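Trainee: So here's target-v2.pdb (PDB, C-alpha atoms, pLDDT in the B column).
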```pdb
ATOM      1  CA  MET O 795       0.000   0.000   0.000  1.00 82.00           C
ATOM      2  CA  MET O 796       1.364   3.401  -1.015  1.00 90.00           C
ATOM      3  CA  LYS O 797       0.529   5.068   2.302  1.00 92.00           C
ATOM      4  CA  ASN O 798       2.791   2.611   4.159  1.00 93.00           C
ATOM      5  CA  ARG O 799       5.632   3.233   1.726  1.00 95.00           C
ATOM      6  CA  LEU O 800       5.302   7.000   2.134  1.00 97.00           C
ATOM      7  CA  LYS O 801       5.075   6.675   5.904  1.00 97.00           C
ATOM      8  CA  GLY O 802       8.598   5.269   6.213  1.00 96.00           C
ATOM      9  CA  LEU O 803      10.342   7.890   4.060  1.00 98.00           C
ATOM     10  CA  LYS O 804      13.105   9.955   5.642  1.00 98.00           C
ATOM     11  CA  LEU O 805      14.680  11.452   2.524  1.00 98.00           C
ATOM     12  CA  LEU O 806      13.399  12.881  -0.747  1.00 98.00           C
ATOM     13  CA  ILE O 807      15.818  13.314  -3.654  1.00 98.00           C
ATOM     14  CA  LEU O 808      14.732  15.649  -6.439  1.00 98.00           C
ATOM     15  CA  ASP O 809      15.784  16.006 -10.030  1.00 98.00           C
ATOM     16  CA  VAL O 810      15.545  19.630 -11.154  1.00 97.00           C
ATOM     17  CA  ASP O 811      14.761  20.211 -14.838  1.00 96.00           C
ATOM     18  CA  GLY O 812      11.346  18.692 -15.495  1.00 97.00           C
ATOM     19  CA  VAL O 813      10.626  18.147 -11.779  1.00 98.00           C
ATOM     20  CA  LEU O 814      11.270  21.413  -9.927  1.00 97.00           C
ATOM     21  CA  THR O 815      10.887  23.263 -13.239  1.00 97.00           C
ATOM     22  CA  ASN O 816       8.789  22.597 -16.313  1.00 96.00           C
ATOM     23  CA  GLY O 817      11.919  21.528 -18.157  1.00 93.00           C
ATOM     24  CA  SER O 818      12.470  24.762 -20.044  1.00 92.00           C
ATOM     25  CA  VAL O 819      15.893  26.376 -20.079  1.00 88.00           C
ATOM     26  CA  ILE O 820      15.859  30.141 -20.489  1.00 90.00           C
ATOM     27  CA  TYR O 821      18.895  32.212 -21.499  1.00 91.00           C
ATOM     28  CA  ASN O 822      18.981  35.996 -21.315  1.00 90.00           C
ATOM     29  CA  ASP O 823      20.807  38.214 -23.830  1.00 95.00           C
ATOM     30  CA  LYS O 824      24.040  37.787 -21.850  1.00 93.00           C
ATOM     31  CA  GLY O 825      23.807  34.010 -22.136  1.00 91.00           C
ATOM     32  CA  GLU O 826      22.953  33.589 -18.461  1.00 89.00           C
ATOM     33  CA  GLU O 827      20.618  30.733 -17.625  1.00 88.00           C
ATOM     34  CA  THR O 828      17.516  31.373 -15.562  1.00 89.00           C
ATOM     35  CA  LYS O 829      14.949  28.968 -14.201  1.00 92.00           C
ATOM     36  CA  VAL O 830      11.382  29.297 -13.015  1.00 94.00           C
ATOM     37  CA  PHE O 831      10.587  27.517  -9.745  1.00 96.00           C
ATOM     38  CA  GLY O 832       7.106  27.116  -8.252  1.00 95.00           C
ATOM     39  CA  VAL O 833       6.542  28.699  -4.839  1.00 96.00           C
ATOM     40  CA  ARG O 834       4.062  25.971  -3.876  1.00 97.00           C
ATOM     41  CA  ASP O 835       6.721  23.332  -4.491  1.00 98.00           C
ATOM     42  CA  GLY O 836       9.052  25.437  -2.346  1.00 98.00           C
ATOM     43  CA  LEU O 837       6.605  25.523   0.555  1.00 97.00           C
ATOM     44  CA  GLY O 838       6.121  21.773   0.278  1.00 98.00           C
ATOM     45  CA  ILE O 839       9.890  21.289   0.517  1.00 98.00           C
ATOM     46  CA  LYS O 840      10.129  23.574   3.547  1.00 98.00           C
ATOM     47  CA  LEU O 841       7.271  21.784   5.300  1.00 97.00           C
ATOM     48  CA  LEU O 842       8.909  18.421   4.656  1.00 97.00           C
ATOM     49  CA  MET O 843      12.232  19.577   6.072  1.00 97.00           C
ATOM     50  CA  GLU O 844      10.546  21.122   9.116  1.00 96.00           C
ATOM     51  CA  ALA O 845       8.897  17.741   9.714  1.00 96.00           C
ATOM     52  CA  GLY O 846      12.307  16.043   9.665  1.00 96.00           C
ATOM     53  CA  VAL O 847      12.310  14.670   6.124  1.00 97.00           C
ATOM     54  CA  ASN O 848      15.602  15.492   4.431  1.00 97.00           C
ATOM     55  CA  VAL O 849      15.582  16.881   0.870  1.00 98.00           C
ATOM     56  CA  CYS O 850      18.462  16.544  -1.584  1.00 98.00           C
ATOM     57  CA  ILE O 851      19.059  17.579  -5.187  1.00 98.00           C
ATOM     58  CA  ALA O 852      20.515  15.288  -7.876  1.00 97.00           C
ATOM     59  CA  THR O 853      20.674  16.835 -11.339  1.00 96.00           C
ATOM     60  CA  GLY O 854      22.654  16.534 -14.519  1.00 94.00           C
ATOM     61  CA  ARG O 855      22.961  20.255 -15.138  1.00 93.00           C
ATOM     62  CA  HIS O 856      24.798  22.937 -13.201  1.00 91.00           C
ATOM     63  CA  SER O 857      22.955  26.198 -12.611  1.00 89.00           C
ATOM     64  CA  GLU O 858      23.620  29.133 -10.321  1.00 91.00           C
ATOM     65  CA  ALA O 859      19.858  29.745 -10.295  1.00 92.00           C
ATOM     66  CA  LEU O 860      19.443  26.318  -8.681  1.00 95.00           C
ATOM     67  CA  HIS O 861      22.012  27.126  -6.006  1.00 96.00           C
ATOM     68  CA  HIS O 862      20.201  30.378  -5.198  1.00 96.00           C
ATOM     69  CA  ARG O 863      16.883  28.532  -4.916  1.00 97.00           C
ATOM     70  CA  CYS O 864      18.391  25.861  -2.675  1.00 97.00           C
ATOM     71  CA  ARG O 865      19.850  28.537  -0.378  1.00 97.00           C
ATOM     72  CA  ASP O 866      16.405  30.146  -0.143  1.00 97.00           C
ATOM     73  CA  LEU O 867      14.836  26.803   0.788  1.00 97.00           C
ATOM     74  CA  GLY O 868      17.609  25.590   3.091  1.00 97.00           C
ATOM     75  CA  ILE O 869      18.572  22.581   0.955  1.00 98.00           C
ATOM     76  CA  VAL O 870      22.206  21.773   1.719  1.00 96.00           C
ATOM     77  CA  HIS O 871      22.747  18.507  -0.151  1.00 96.00           C
ATOM     78  CA  ILE O 872      23.084  19.624  -3.784  1.00 97.00           C
ATOM     79  CA  PHE O 873      24.663  17.370  -6.391  1.00 96.00           C
ATOM     80  CA  ASP O 874      24.694  18.964  -9.835  1.00 96.00           C
ATOM     81  CA  GLY O 875      26.522  18.333 -13.084  1.00 94.00           C
ATOM     82  CA  LEU O 876      26.045  14.584 -12.624  1.00 95.00           C
ATOM     83  CA  ARG O 877      26.546  12.184 -15.516  1.00 93.00           C
ATOM     84  CA  ASP O 878      25.462   9.253 -13.354  1.00 95.00           C
ATOM     85  CA  LYS O 879      23.002  10.114 -10.587  1.00 96.00           C
ATOM     86  CA  THR O 880      23.488   6.761  -8.869  1.00 95.00           C
ATOM     87  CA  SER O 881      27.095   7.740  -8.144  1.00 94.00           C
ATOM     88  CA  ILE O 882      25.998  10.002  -5.291  1.00 95.00           C
ATOM     89  CA  LEU O 883      23.509   7.702  -3.569  1.00 96.00           C
ATOM     90  CA  ASP O 884      26.041   6.228  -1.120  1.00 95.00           C
ATOM     91  CA  ILE O 885      27.319   9.728  -0.316  1.00 96.00           C
ATOM     92  CA  ILE O 886      23.783  10.947   0.419  1.00 95.00           C
ATOM     93  CA  LEU O 887      22.990   7.895   2.543  1.00 97.00           C
ATOM     94  CA  ASN O 888      26.198   8.339   4.560  1.00 96.00           C
ATOM     95  CA  ARG O 889      25.636  12.073   5.059  1.00 94.00           C
ATOM     96  CA  THR O 890      22.024  11.681   6.130  1.00 94.00           C
ATOM     97  CA  GLY O 891      22.192   8.345   7.921  1.00 96.00           C
ATOM     98  CA  VAL O 892      19.192   6.836   6.137  1.00 97.00           C
ATOM     99  CA  ALA O 893      18.833   3.540   4.304  1.00 97.00           C
ATOM    100  CA  ALA O 894      18.060   3.323   0.583  1.00 97.00           C
ATOM    101  CA  GLU O 895      14.601   1.880   1.301  1.00 97.00           C
ATOM    102  CA  GLU O 896      13.773   5.076   3.266  1.00 98.00           C
ATOM    103  CA  VAL O 897      14.486   7.231   0.203  1.00 98.00           C
ATOM    104  CA  ALA O 898      12.182   8.477  -2.536  1.00 98.00           C
ATOM    105  CA  PHE O 899      13.385  10.020  -5.784  1.00 98.00           C
ATOM    106  CA  ILE O 900      11.311  12.131  -8.169  1.00 98.00           C
ATOM    107  CA  GLY O 901      12.403  12.053 -11.796  1.00 98.00           C
ATOM    108  CA  ASP O 902      11.121  12.737 -15.261  1.00 98.00           C
ATOM    109  CA  ASP O 903      13.519  11.512 -17.938  1.00 98.00           C
ATOM    110  CA  LEU O 904      15.794   8.662 -18.966  1.00 97.00           C
ATOM    111  CA  PRO O 905      18.858   9.662 -16.868  1.00 97.00           C
ATOM    112  CA  ASP O 906      16.664   9.273 -13.754  1.00 98.00           C
ATOM    113  CA  ILE O 907      15.743   5.613 -14.202  1.00 98.00           C
ATOM    114  CA  ALA O 908      18.913   4.097 -12.723  1.00 97.00           C
ATOM    115  CA  LEU O 909      18.533   6.076  -9.472  1.00 98.00           C
ATOM    116  CA  MET O 910      14.808   5.320  -9.364  1.00 98.00           C
ATOM    117  CA  LYS O 911      15.693   1.611  -9.292  1.00 98.00           C
ATOM    118  CA  LYS O 912      18.059   2.003  -6.314  1.00 98.00           C
ATOM    119  CA  VAL O 913      15.753   3.784  -3.852  1.00 98.00           C
ATOM    120  CA  GLY O 914      12.760   2.663  -1.832  1.00 97.00           C
ATOM    121  CA  LEU O 915      10.174   4.666  -3.772  1.00 98.00           C
ATOM    122  CA  ALA O 916      10.484   5.735  -7.419  1.00 98.00           C
ATOM    123  CA  ILE O 917       8.248   8.669  -8.315  1.00 98.00           C
ATOM    124  CA  ALA O 918       7.620  10.174 -11.753  1.00 98.00           C
ATOM    125  CA  VAL O 919       5.940  13.467 -12.562  1.00 98.00           C
ATOM    126  CA  ALA O 920       2.807  13.277 -14.709  1.00 98.00           C
ATOM    127  CA  ASP O 921       4.540  14.447 -17.888  1.00 98.00           C
ATOM    128  CA  ALA O 922       7.604  12.219 -17.519  1.00 98.00           C
ATOM    129  CA  HIS O 923       8.967  10.176 -20.414  1.00 98.00           C
ATOM    130  CA  ALA O 924       6.946   6.995 -20.996  1.00 98.00           C
ATOM    131  CA  THR O 925       9.810   4.730 -19.919  1.00 98.00           C
ATOM    132  CA  VAL O 926      10.165   6.651 -16.656  1.00 98.00           C
ATOM    133  CA  LEU O 927       6.432   6.281 -16.046  1.00 98.00           C
ATOM    134  CA  GLU O 928       6.752   2.523 -16.582  1.00 98.00           C
ATOM    135  CA  ASN O 929       9.508   2.332 -13.946  1.00 98.00           C
ATOM    136  CA  ALA O 930       7.731   4.458 -11.325  1.00 98.00           C
ATOM    137  CA  ASP O 931       6.046   3.182  -8.183  1.00 98.00           C
ATOM    138  CA  MET O 932       4.010   6.402  -7.998  1.00 98.00           C
ATOM    139  CA  VAL O 933       3.062   8.989 -10.627  1.00 98.00           C
ATOM    140  CA  THR O 934       1.955  12.482  -9.674  1.00 98.00           C
ATOM    141  CA  LEU O 935      -1.173  14.094 -11.064  1.00 98.00           C
ATOM    142  CA  ALA O 936       0.735  17.364 -11.512  1.00 98.00           C
ATOM    143  CA  LYS O 937       3.321  17.987 -14.221  1.00 98.00           C
ATOM    144  CA  GLY O 938       6.910  18.852 -13.436  1.00 98.00           C
ATOM    145  CA  GLY O 939       7.320  22.459 -12.309  1.00 97.00           C
ATOM    146  CA  CYS O 940       3.565  22.717 -11.768  1.00 97.00           C
ATOM    147  CA  GLY O 941       3.097  21.399  -8.238  1.00 98.00           C
ATOM    148  CA  ALA O 942       4.349  17.812  -8.532  1.00 98.00           C
ATOM    149  CA  VAL O 943       6.845  18.238  -5.676  1.00 98.00           C
ATOM    150  CA  ARG O 944       4.161  19.847  -3.515  1.00 98.00           C
ATOM    151  CA  GLU O 945       1.835  16.928  -4.253  1.00 98.00           C
ATOM    152  CA  VAL O 946       4.472  14.417  -3.136  1.00 98.00           C
ATOM    153  CA  SER O 947       5.371  16.504  -0.077  1.00 98.00           C
ATOM    154  CA  GLU O 948       1.766  16.582   1.082  1.00 98.00           C
ATOM    155  CA  ALA O 949       1.335  12.844   0.431  1.00 98.00           C
ATOM    156  CA  ILE O 950       4.379  12.094   2.602  1.00 98.00           C
ATOM    157  CA  LEU O 951       3.238  14.422   5.389  1.00 98.00           C
ATOM    158  CA  LYS O 952      -0.279  12.968   5.357  1.00 97.00           C
ATOM    159  CA  ALA O 953       1.007   9.380   5.420  1.00 98.00           C
ATOM    160  CA  GLN O 954       3.255  10.251   8.358  1.00 97.00           C
ATOM    161  CA  GLY O 955       0.366  11.831  10.274  1.00 97.00           C
ATOM    162  CA  ARG O 956       1.858  15.331  10.241  1.00 96.00           C
ATOM    163  CA  TRP O 957      -0.478  17.133   7.847  1.00 96.00           C
ATOM    164  CA  GLU O 958      -3.182  18.072  10.383  1.00 94.00           C
ATOM    165  CA  ASN O 959      -0.619  19.767  12.658  1.00 93.00           C
ATOM    166  CA  ILE O 960       0.705  21.722   9.689  1.00 93.00           C
ATOM    167  CA  LEU O 961      -2.789  22.852   8.706  1.00 92.00           C
ATOM    168  CA  GLU O 962      -3.447  24.079  12.259  1.00 92.00           C
ATOM    169  CA  ARG O 963      -0.556  26.535  11.868  1.00 89.00           C
ATOM    170  CA  PHE O 964      -2.243  28.141   8.896  1.00 87.00           C
ATOM    171  CA  LEU O 965      -5.918  28.063   9.950  1.00 87.00           C
TER     172      LEU O 965
END
```
Kindly transcribe the structure held in the file into structure tokens.
Mentor:
Amino acid sequence: MMKNRLKGLKLLILDVDGVLTNGSVIYNDKGEETKVFGVRDGLGIKLLMEAGVNVCIATGRHSEALHHRCRDLGIVHIFDGLRDKTSILDIILNRTGVAAEEVAFIGDDLPDIALMKKVGLAIAVADAHATVLENADMVTLAKGGCGAVREVSEAILKAQGRWENILERFL
């Protein structure tokens, strides 16, 4: 049952392009890359971390915009410019002290599949590549960059019995 799998999660690893963003890459006239991040996804990440669920980044591209966003959110485990995302799993597990079965990873494209197969819960965003969808344990209703991370964050918090306490803060 999915609720039981979400209940035991202690770490969420996120891809960036296509998960935290809609997958578009924008360059300004100076050739500088910018990204658009959803604030609802950001709140979901903050709520997860406040509840004791660690959040890490594993992405193939390097972007200063990503580093700025991670600083804003308080994400300290950032692995970018990766050719092989599985190469950092042992590092993340050692740094955070969690087991692979307590980890979820959200991905959207072919380079994400190998890491999806090594963690406890493989999650794909709604508009992920068909092969990624086939390899996912869970698929979000929301597309990447459009609330998918928030959807997963809330599902984890609800499964862990923490959502009602969070709502009380805002009501």
Trainee: The PyMOL selection byres ((chain O and resi 853) around 8) on the file shown: which residues, as number ranges by chain?
Mentor: O: 808-811, 851-852, 854-856, 873-876, 879
Trainee: Which residue, O:Val919, O:Ala898, O:Ile882, O:Leu814, has the smallest gap to O:Arg834 when you use all atoms listed in the file?
Mentor: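 Using all atoms listed in the file, O:Arg834 sits closest to O:Leu814.
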Trainee: May I ask which of the residues O:Asn822, O:Asp931, O:Glu962, O:Gly941 is the closest one to O:Lys911, counting all atoms listed in the file?
Mentor: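 That would be O:Asp931, the residue with the smallest distance to O:Lys911.
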Trainee: Write out as an NGL selection string the residues lying within 9 Å of O:Glu895, counting only C-alpha atoms and excluding same-chain residues fewer than 2 positions away.
Mentor: :O and (802-803 or 892-893 or 897-898 or 912-915)
Trainee: Rank nothing, just name the residue among O:Leu965, O:Leu806, O:Met910, O:Val849 nearest to O:Cys864, using all atoms listed in the file.
Mentor: O:Val849
Trainee: Ranking O:Val830, O:Ile907, O:Met795, O:Leu841 by minimum distance to O:Arg863 and counting all atoms listed in the file, which one comes first?
Mentor: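 For O:Arg863, the nearest of the candidates is O:Val830.
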Trainee: Apply the PyMOL selection byres ((chain O and resi 924-928) around 10) to the file shown and report the selected residues as a list of chain:residue names.
Mentor: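 The output of the PyMOL selection byres ((chain O and resi 924-928) around 10) on this file is O:Gly901, O:Asp902, O:Asp903, O:Leu904, O:Pro905, O:Asp906, O:Ile907, O:Ala908, O:Met910, O:Ala916, O:Ile917, O:Ala918, O:Val919, O:Ala920, O:Asp921, O:Ala922, O:His923, O:Asn929, O:Ala930, O:Asp931, O:Met932, O:Val933, O:Thr934.
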Trainee: Could you write out the selected residues, including C-alpha atoms, as a tab-separated table (two decimals), keeping the file's coordinate frame?
Mentor:
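Listed below is the output, again_30.tsv:
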```
chain	number	residue	atom	x	y	z
O	901	GLY	CA	12.40	12.05	-11.80
O	902	ASP	CA	11.12	12.74	-15.26
O	903	ASP	CA	13.52	11.51	-17.94
O	904	LEU	CA	15.79	8.66	-18.97
O	905	PRO	CA	18.86	9.66	-16.87
O	906	ASP	CA	16.66	9.27	-13.75
O	907	ILE	CA	15.74	5.61	-14.20
O	908	ALA	CA	18.91	4.10	-12.72
O	910	MET	CA	14.81	5.32	-9.36
O	916	ALA	CA	10.48	5.74	-7.42
O	917	ILE	CA	8.25	8.67	-8.32
O	918	ALA	CA	7.62	10.17	-11.75
O	919	VAL	CA	5.94	13.47	-12.56
O	920	ALA	CA	2.81	13.28	-14.71
O	921	ASP	CA	4.54	14.45	-17.89
O	922	ALA	CA	7.60	12.22	-17.52
O	923	HIS	CA	8.97	10.18	-20.41
O	929	ASN	CA	9.51	2.33	-13.95
O	930	ALA	CA	7.73	4.46	-11.32
O	931	ASP	CA	6.05	3.18	-8.18
O	932	MET	CA	4.01	6.40	-8.00
O	933	VAL	CA	3.06	8.99	-10.63
O	934	THR	CA	1.96	12.48	-9.67
```
Trainee: As an exercise, work out the distance from atom CA of O:Leu909 to atom CA of O:Ala845 in Å and give it to one decimal place.
Mentor: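 Going from atom CA of O:Leu909 over to atom CA of O:Ala845, I get 24.4 Å.
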Trainee: Work out how far atom CA of O:Lys937 is from atom CA of O:Asp866, in Å to one decimal.
Mentor: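 Interatomic distance, atom CA of O:Asp866 to atom CA of O:Lys937: 22.7 Å.
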